[in-house]
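Here's start_13.csv, which has CSV, C-alpha atoms:
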```
chain,number,residue,atom,x,y,z
A,1,MET,CA,-4.4,-4.9,-16.1
A,2,SER,CA,-7.6,-6.3,-17.6
A,3,GLU,CA,-10.8,-4.3,-17.3
A,4,GLY,CA,-12.6,-7.1,-15.5
A,5,GLY,CA,-9.9,-7.8,-13.0
A,6,GLY,CA,-8.3,-11.2,-12.6
A,7,SER,CA,-5.9,-12.9,-10.4
A,8,PHE,CA,-2.2,-13.2,-9.5
A,9,THR,CA,-0.2,-15.5,-7.3
A,10,LEU,CA,1.3,-14.2,-4.0
A,11,ASP,CA,3.8,-16.6,-2.4
A,12,GLY,CA,2.0,-19.4,-4.3
A,13,GLN,CA,-1.5,-18.3,-3.2
A,14,VAL,CA,-4.0,-17.2,-5.9
A,15,ILE,CA,-5.2,-13.6,-5.1
A,16,ALA,CA,-8.2,-12.2,-7.0
A,17,PHE,CA,-8.3,-8.5,-7.7
A,18,ALA,CA,-10.8,-5.9,-8.9
A,19,PRO,CA,-10.0,-3.2,-11.5
A,20,GLY,CA,-7.9,-0.5,-10.0
A,21,GLN,CA,-6.5,-2.5,-7.1
A,22,THR,CA,-2.8,-2.6,-6.4
A,23,ILE,CA,-1.0,-5.7,-5.2
A,24,LEU,CA,-1.2,-4.4,-1.6
A,25,THR,CA,-4.9,-3.6,-1.6
A,26,ALA,CA,-5.8,-6.9,-3.4
A,27,ALA,CA,-3.7,-8.9,-0.9
A,28,THR,CA,-5.2,-7.1,2.1
A,29,ALA,CA,-8.8,-7.7,0.8
A,30,ALA,CA,-7.9,-11.4,0.4
A,31,GLY,CA,-6.7,-11.5,4.0
A,32,VAL,CA,-2.9,-11.7,3.2
A,33,TYR,CA,-0.7,-9.3,5.0
A,34,ILE,CA,2.2,-7.4,3.2
A,35,PRO,CA,4.2,-5.2,5.7
A,36,HIS,CA,3.7,-1.5,5.1
A,37,LEU,CA,3.9,1.8,6.9
A,38,CYS,CA,3.1,4.8,4.7
A,39,ALA,CA,0.2,3.2,2.8
A,40,HIS,CA,-3.3,4.2,3.9
A,41,PRO,CA,-6.6,3.0,2.5
A,42,ASP,CA,-8.0,6.5,2.3
A,43,PHE,CA,-5.2,7.9,0.2
A,44,PRO,CA,-3.6,7.2,-3.2
A,45,PRO,CA,-0.4,5.1,-3.2
A,46,HIS,CA,2.7,7.1,-2.1
A,47,GLY,CA,5.5,4.6,-2.1
A,48,SER,CA,7.8,6.5,0.3
A,49,CYS,CA,8.6,3.9,3.0
A,50,LYS,CA,9.4,0.9,0.7
A,51,LEU,CA,8.4,-1.5,3.5
A,52,CYS,CA,5.9,-3.2,1.2
A,53,ALA,CA,8.7,-4.3,-1.1
A,54,VAL,CA,7.8,-7.3,-3.2
A,55,THR,CA,9.3,-9.2,-6.1
A,56,VAL,CA,7.0,-9.2,-9.2
A,57,ASN,CA,8.0,-11.5,-12.0
A,58,GLY,CA,11.6,-11.3,-10.8
A,59,ARG,CA,11.7,-7.5,-10.4
A,60,ASP,CA,11.5,-5.6,-7.1
A,61,GLY,CA,9.0,-2.9,-6.5
A,62,SER,CA,6.5,-1.5,-4.0
A,63,ALA,CA,3.2,-3.4,-3.5
A,64,CYS,CA,1.3,-0.2,-2.8
A,65,THR,CA,2.1,1.4,-6.2
A,66,ILE,CA,2.2,-1.6,-8.5
A,67,GLU,CA,-1.2,-2.3,-10.1
A,68,ALA,CA,-2.4,-5.9,-9.9
A,69,ALA,CA,-2.4,-7.6,-13.3
A,70,PRO,CA,-3.3,-11.1,-14.4
A,71,GLY,CA,-0.6,-13.7,-14.3
A,72,GLN,CA,1.8,-11.8,-12.0
A,73,GLU,CA,4.0,-14.0,-9.8
A,74,VAL,CA,4.6,-12.0,-6.6
A,75,ARG,CA,6.9,-12.9,-3.7
A,76,SER,CA,6.6,-11.2,-0.4
A,77,ASP,CA,7.3,-13.7,2.4
A,78,THR,CA,10.9,-14.4,1.7
A,79,PRO,CA,14.0,-14.1,4.0
A,80,GLU,CA,15.6,-11.6,1.6
A,81,LEU,CA,12.6,-9.2,1.5
A,82,HIS,CA,12.2,-9.4,5.3
A,83,GLU,CA,15.9,-8.5,5.7
A,84,ILE,CA,15.4,-5.5,3.5
A,85,ARG,CA,12.4,-4.4,5.6
A,86,ARG,CA,14.4,-4.8,8.8
A,87,VAL,CA,17.2,-2.6,7.4
A,88,LEU,CA,14.6,0.0,6.4
A,89,LEU,CA,13.1,-0.1,9.9
A,90,GLN,CA,16.5,0.2,11.5
A,91,MET,CA,17.3,3.3,9.5
A,92,LEU,CA,13.9,4.9,10.5
A,93,PHE,CA,14.7,4.2,14.2
A,94,VAL,CA,18.2,5.8,14.1
A,95,GLU,CA,17.1,8.8,12.1
A,96,GLY,CA,14.7,9.9,14.8
A,97,ASN,CA,14.5,9.8,18.6
A,98,HIS,CA,12.2,6.9,19.4
A,99,PHE,CA,11.9,6.2,23.2
A,100,CYS,CA,9.5,3.3,22.9
A,101,PRO,CA,9.4,2.2,26.6
A,102,GLY,CA,8.1,5.6,27.7
A,103,CYS,CA,6.2,6.7,24.6
A,104,GLU,CA,2.5,7.4,24.8
A,105,LYS,CA,2.1,5.7,21.5
A,106,SER,CA,3.7,2.5,22.6
A,107,GLY,CA,1.4,-0.4,21.8
A,108,ARG,CA,-0.4,1.6,19.1
A,109,CYS,CA,2.6,2.6,17.0
A,110,LYS,CA,2.9,1.0,13.6
A,111,LEU,CA,6.7,1.5,13.5
A,112,GLN,CA,7.1,-0.3,16.8
A,113,ALA,CA,4.7,-3.0,15.9
A,114,LEU,CA,6.4,-3.7,12.6
A,115,ALA,CA,9.8,-3.9,14.3
A,116,TYR,CA,8.4,-6.6,16.6
A,117,ASP,CA,6.7,-8.4,13.8
A,118,LEU,CA,9.8,-8.5,11.6
A,119,GLU,CA,12.0,-9.4,14.6
A,120,MET,CA,14.2,-6.3,14.5
A,121,LEU,CA,16.4,-7.0,17.5
A,122,SER,CA,18.6,-3.9,17.4
A,123,PRO,CA,19.0,-0.5,15.6
A,124,HIS,CA,22.2,-1.8,14.1
A,125,PHE,CA,23.3,1.6,12.7
A,126,VAL,CA,24.8,4.5,14.6
A,127,GLN,CA,22.1,6.6,16.2
A,128,PHE,CA,21.8,10.1,14.7
A,129,PHE,CA,20.3,11.7,17.9
A,130,PRO,CA,18.9,14.7,15.9
A,131,HIS,CA,17.8,17.8,17.8
A,132,ARG,CA,14.1,18.0,17.3
A,133,GLU,CA,11.5,20.2,19.1
A,134,ILE,CA,8.3,19.4,20.8
A,135,ASP,CA,5.5,21.9,19.9
A,136,ALA,CA,2.9,22.1,22.7
A,137,SER,CA,1.3,25.4,21.5
A,138,HIS,CA,-2.0,23.9,20.4
A,139,PRO,CA,-4.7,23.5,23.1
A,140,GLU,CA,-5.5,20.0,22.1
A,141,PHE,CA,-2.5,18.4,20.5
A,142,PHE,CA,1.3,18.0,20.9
A,143,LEU,CA,3.6,17.8,18.0
A,144,ASP,CA,6.6,15.6,18.9
A,145,PHE,CA,9.0,15.9,15.9
A,146,ASN,CA,11.3,13.3,17.6
A,147,ARG,CA,8.9,10.5,16.5
A,148,CYS,CA,8.2,11.8,12.9
A,149,ILE,CA,9.2,9.3,10.1
A,150,MET,CA,8.3,11.6,7.2
A,151,CYS,CA,5.5,9.3,5.9
A,152,GLU,CA,3.6,12.5,4.9
A,153,LEU,CA,0.2,11.1,5.9
A,154,CYS,CA,-0.5,14.2,7.9
A,155,VAL,CA,0.5,16.3,4.8
A,156,ARG,CA,-1.8,14.4,2.5
A,157,ALA,CA,-4.7,14.4,5.0
A,158,SER,CA,-4.5,18.1,5.7
A,159,ARG,CA,-4.2,19.0,2.0
A,160,ASP,CA,-6.5,16.4,0.3
A,161,VAL,CA,-9.2,15.9,2.9
A,162,ASP,CA,-9.2,18.8,5.3
A,163,GLY,CA,-8.3,21.4,2.7
A,164,LYS,CA,-6.0,23.3,5.1
A,165,ASN,CA,-2.4,22.5,4.1
A,166,ILE,CA,-1.3,22.8,7.7
A,167,PHE,CA,1.7,20.5,7.2
A,168,ALA,CA,4.5,20.3,4.6
A,169,LEU,CA,7.8,18.5,4.1
A,170,ALA,CA,10.9,20.6,4.0
A,171,GLY,CA,14.6,19.9,3.5
A,172,ARG,CA,16.3,17.1,1.6
A,173,GLY,CA,18.0,13.8,2.6
A,174,ARG,CA,18.8,13.6,6.3
A,175,GLU,CA,17.7,17.2,6.7
A,176,SER,CA,14.1,16.4,5.7
A,177,HIS,CA,11.5,17.4,8.3
A,178,ILE,CA,7.8,18.2,8.7
A,179,ILE,CA,7.0,21.9,9.1
A,180,VAL,CA,3.8,23.7,10.1
A,181,ASN,CA,2.4,26.3,7.7
A,182,SER,CA,1.9,29.2,10.0
A,183,PRO,CA,3.8,32.5,10.4
A,184,SER,CA,5.3,31.3,13.7
A,185,GLY,CA,5.7,27.7,12.6
A,186,ARG,CA,3.7,26.6,15.6
A,187,LEU,CA,0.6,24.4,15.5
A,188,GLY,CA,-1.2,26.7,17.9
A,189,ASP,CA,-1.3,29.4,15.3
A,190,THR,CA,-3.2,27.3,12.8
A,191,ASP,CA,-6.9,26.2,12.6
A,192,PHE,CA,-5.9,22.5,13.2
A,193,ALA,CA,-8.8,20.8,14.9
A,194,ALA,CA,-9.6,17.4,16.5
A,195,THR,CA,-12.1,16.7,13.8
A,196,ASP,CA,-9.4,17.0,11.1
A,197,LYS,CA,-8.4,13.8,9.2
A,198,ALA,CA,-4.8,14.9,9.8
A,199,ALA,CA,-5.3,14.5,13.6
A,200,GLU,CA,-5.8,10.7,13.3
A,201,VAL,CA,-3.5,9.4,10.6
A,202,CYS,CA,-0.1,9.6,12.2
A,203,PRO,CA,1.2,6.0,12.5
A,204,VAL,CA,3.7,6.9,15.2
A,205,GLY,CA,3.7,9.3,18.1
A,206,ALA,CA,4.3,12.6,16.3
A,207,ILE,CA,0.8,13.9,16.6
A,208,LEU,CA,-0.6,13.3,20.1
A,209,ARG,CA,-3.9,14.3,21.6
A,210,LYS,CA,-3.5,16.1,25.0
A,211,GLU,CA,-5.2,15.0,28.3
A,212,VAL,CA,-5.7,11.4,27.2
A,213,GLY,CA,-2.2,10.0,27.7
A,214,PHE,CA,-2.1,6.4,29.0
A,215,ALA,CA,-5.9,6.2,29.3
A,216,THR,CA,-5.4,2.7,27.9
A,217,PRO,CA,-2.5,1.2,29.8
A,218,ILE,CA,0.4,-0.3,27.9
A,219,GLY,CA,-0.2,-4.0,27.6
A,220,ALA,CA,-3.9,-3.6,26.8
A,221,ARG,CA,-3.4,-1.6,23.5
A,222,LEU,CA,-4.1,-2.5,19.9
A,223,TYR,CA,-0.8,-4.2,19.0
A,224,ASP,CA,-0.3,-5.6,22.5
A,225,GLN,CA,-3.2,-8.0,21.8
A,226,ALA,CA,-2.0,-9.4,18.5
A,227,PRO,CA,0.8,-8.7,16.0
A,228,ILE,CA,0.3,-6.0,13.3
A,229,SER,CA,0.2,-8.7,10.6
A,230,GLN,CA,-3.1,-9.9,12.1
A,231,VAL,CA,-4.5,-6.6,13.4
A,232,ASP,CA,-4.1,-4.5,10.3
A,233,LEU,CA,-6.0,-7.0,8.1
A,234,GLN,CA,-9.0,-5.8,10.1
A,235,VAL,CA,-8.3,-2.0,10.0
A,236,ASP,CA,-6.6,-1.3,6.7
A,237,LEU,CA,-9.6,-1.5,4.3
A,238,PRO,CA,-12.1,1.3,3.6
A,239,GLY,CA,-15.1,0.9,5.8
A,240,ARG,CA,-13.4,-1.1,8.4
A,241,GLU,CA,-12.6,0.0,12.0
A,242,LYS,CA,-9.5,2.3,12.2
```

Rewrite the coordinates I just gave you, this time as structure tokens.
Amino acid sequence: MSEGGGSFTLDGQVIAFAPGQTILTAATAAGVYIPHLCAHPDFPPHGSCKLCAVTVNGRDGSACTIEAAPGQEVRSDTPELHEIRRVLLQMLFVEGNHFCPGCEKSGRCKLQALAYDLEMLSPHFVQFFPHREIDASHPEFFLDFNRCIMCELCVRASRDVDGKNIFALAGRGRESHIIVNSPSGRLGDTDFAATDKAAEVCPVGAILRKEVGFATPIGARLYDQAPISQVDLQVDLPGREK
């Protein structure tokens, strides 16, 4: 990458970038949407969900982790890449317990919104139906592990912004799960607070504030008004409304 930035092409469109930008951040700044789930403008690239898969000069990679460089030829809006993204979404749905019609996060959930935007019509794979607990021990928040997709945004926010290390990822493979760092393993035995960054970053319904459920009715929520490919171009840049 050149010190003064430059430009690359994304599906034939010229995208200018500044030094330090990734393909994803440069595209978002230019008003071009690349599907993504674990990427967040307030944190360094993580590359865990792979939904931002792109083809760069003939090689596949994650748009959130690949630095923009002059002369790159990037493809994102292709049937092949969209099919890969649908398969990844289908796996996320069957690995947890996502009850979208009755979920408080419906209409504000990035996982659900991406499934709609990418026209995921069925889960396709056999449902795991894992046994996961709901932790209601905290006076202000629920932890619903059924919805967790292991994006680790709460882990990074609690560690890097809040300085509390309340959440961590444990286990491997299909046994991976988020845990709470307290002697009891319960959120109520931590100093988790409504003002924490970790309280607001969950893209699904795993961290839910109590006593405000359905204050905005389903049908009038963020992604009910427009698809995520339009909405997130307004909320996924530093300084913009989140």

A:Ile134, A:Leu111, A:Ile66, A:Ile207 ranked by distance to Pro44 (chain A), top pick (using all atoms listed in the file):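 Of the candidates, the smallest distance to Pro44 (chain A) is held by A:Ile66.
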
Long-range neighbours of Asn146 (chain A) as an MDAnalysis selection string, 7 Å cut-off, only C-alpha atoms, 4 positions minimum in chain: chainID A and resid 96:98 132

Non-local contacts of region 73-89 of chain A (6 Å; all atoms listed in the file; under 2 positions in same chain excluded) as a list in words: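 My reading of the contact set: Thr9, Leu10, Asp11, Leu51, Val54, Thr55, Val56, Asn57, Met91, Leu92 and Met120 of chain A.
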
Could the residues in this selection be saved with C-alpha atoms as a PDB file, keeping the file's coordinate frame?
```pdb
ATOM      1  CA  THR A   9      -0.200 -15.500  -7.300  1.00  0.00           C
ATOM      2  CA  LEU A  10       1.300 -14.200  -4.000  1.00  0.00           C
ATOM      3  CA  ASP A  11       3.800 -16.600  -2.400  1.00  0.00           C
ATOM      4  CA  LEU A  51       8.400  -1.500   3.500  1.00  0.00           C
ATOM      5  CA  VAL A  54       7.800  -7.300  -3.200  1.00  0.00           C
ATOM      6  CA  THR A  55       9.300  -9.200  -6.100  1.00  0.00           C
ATOM      7  CA  VAL A  56       7.000  -9.200  -9.200  1.00  0.00           C
ATOM      8  CA  ASN A  57       8.000 -11.500 -12.000  1.00  0.00           C
ATOM      9  CA  MET A  91      17.300   3.300   9.500  1.00  0.00           C
ATOM     10  CA  LEU A  92      13.900   4.900  10.500  1.00  0.00           C
ATOM     11  CA  MET A 120      14.200  -6.300  14.500  1.00  0.00           C
TER      12      MET A 120
END
```

Among the residues A:Leu114, A:Ala170, A:Ala157, A:Ala215, the one that comes closest to Phe192 (chain A) [using all atoms listed in the file]: A:Ala157

Atomic separation - CA of Phe43 (chain A) relative to CA of Lys197 (chain A), Å: 11.2 Å

Who sits within 8 Å of region 226-236 of chain A, only C-alpha atoms, same chain under 4 positions skipped, as a list in words: Thr28, Ala29, Gly31, Val32, Tyr33, Ile34, Pro35, His40, Pro41, Lys110, Ala113, Leu114, Tyr116, Asp117, Leu222, Arg240, Glu241 and Lys242 of chain A

Counting all atoms listed in the file, the option among A:Cys52, A:Val155, A:Leu143, A:Ile149 closest to Ala198 (chain A):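 The answer is A:Val155, which sits nearest to Ala198 (chain A).
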
Interatomic distance, CA of Gly102 (chain A) to CA of Ala206 (chain A) (Å, one decimal):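 Rounded to one decimal, the two atoms are 13.9 Å apart.
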
Among the residues A:Gly219, A:Pro139, A:Pro183, A:Pro203, the one that comes closest to Cys109 (chain A) [using all atoms listed in the file]: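 Using all atoms listed in the file, Cys109 (chain A) sits closest to A:Pro203.
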
Nearest to Gln21 (chain A), chosen from A:Gly205, A:Gly6, A:Gly107, A:Pro217, with all atoms listed in the file counted in the distances: A:Gly6

Selected residue of minimal separation from Ser62 (chain A) among A:Gln90, A:Thr22, A:Asn181, A:His131, counting all atoms listed in the file: A:Thr22

Contact residues around region 93-95 of chain A with all atoms listed in the file at 8 Å, ignoring same-chain residues under 3 positions, as a ChimeraX atom specification: /A:89-90,98,123,125-130,174

Pairwise distance for CA of Ala193 (chain A) and CA of Leu153 (chain A), rounded to one decimal in Å: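 Atom-to-atom, CA of Ala193 (chain A) to CA of Leu153 (chain A), that is 16.0 Å.
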
Which region 90-185 of chain A residues have any atom within 6 Å of an atom of region 208-211 of chain A, and for each, what is the nearest pair of atoms with distance in Å to one decimal, counting all atoms listed in the file, rows sorted by chain and number, as CSV?
```
residue,atom,partner,partner_atom,distance
A:Glu140,CA,A:Lys210,CA,5.3
A:Phe141,CA,A:Arg209,CA,4.5
A:Phe142,CA,A:Leu208,CA,5.1
```

Residues near Thr190 (chain A), cut-off 9 Å, only C-alpha atoms, skip fewer than 4 positions along chain, as number ranges by chain: A: 138, 166, 180-182, 185-186

Residue list as a ChimeraX atom specification for point (3.2, 5.0, -6.7), cut-off 6 Å, all atoms listed in the file: /A:45-47,65
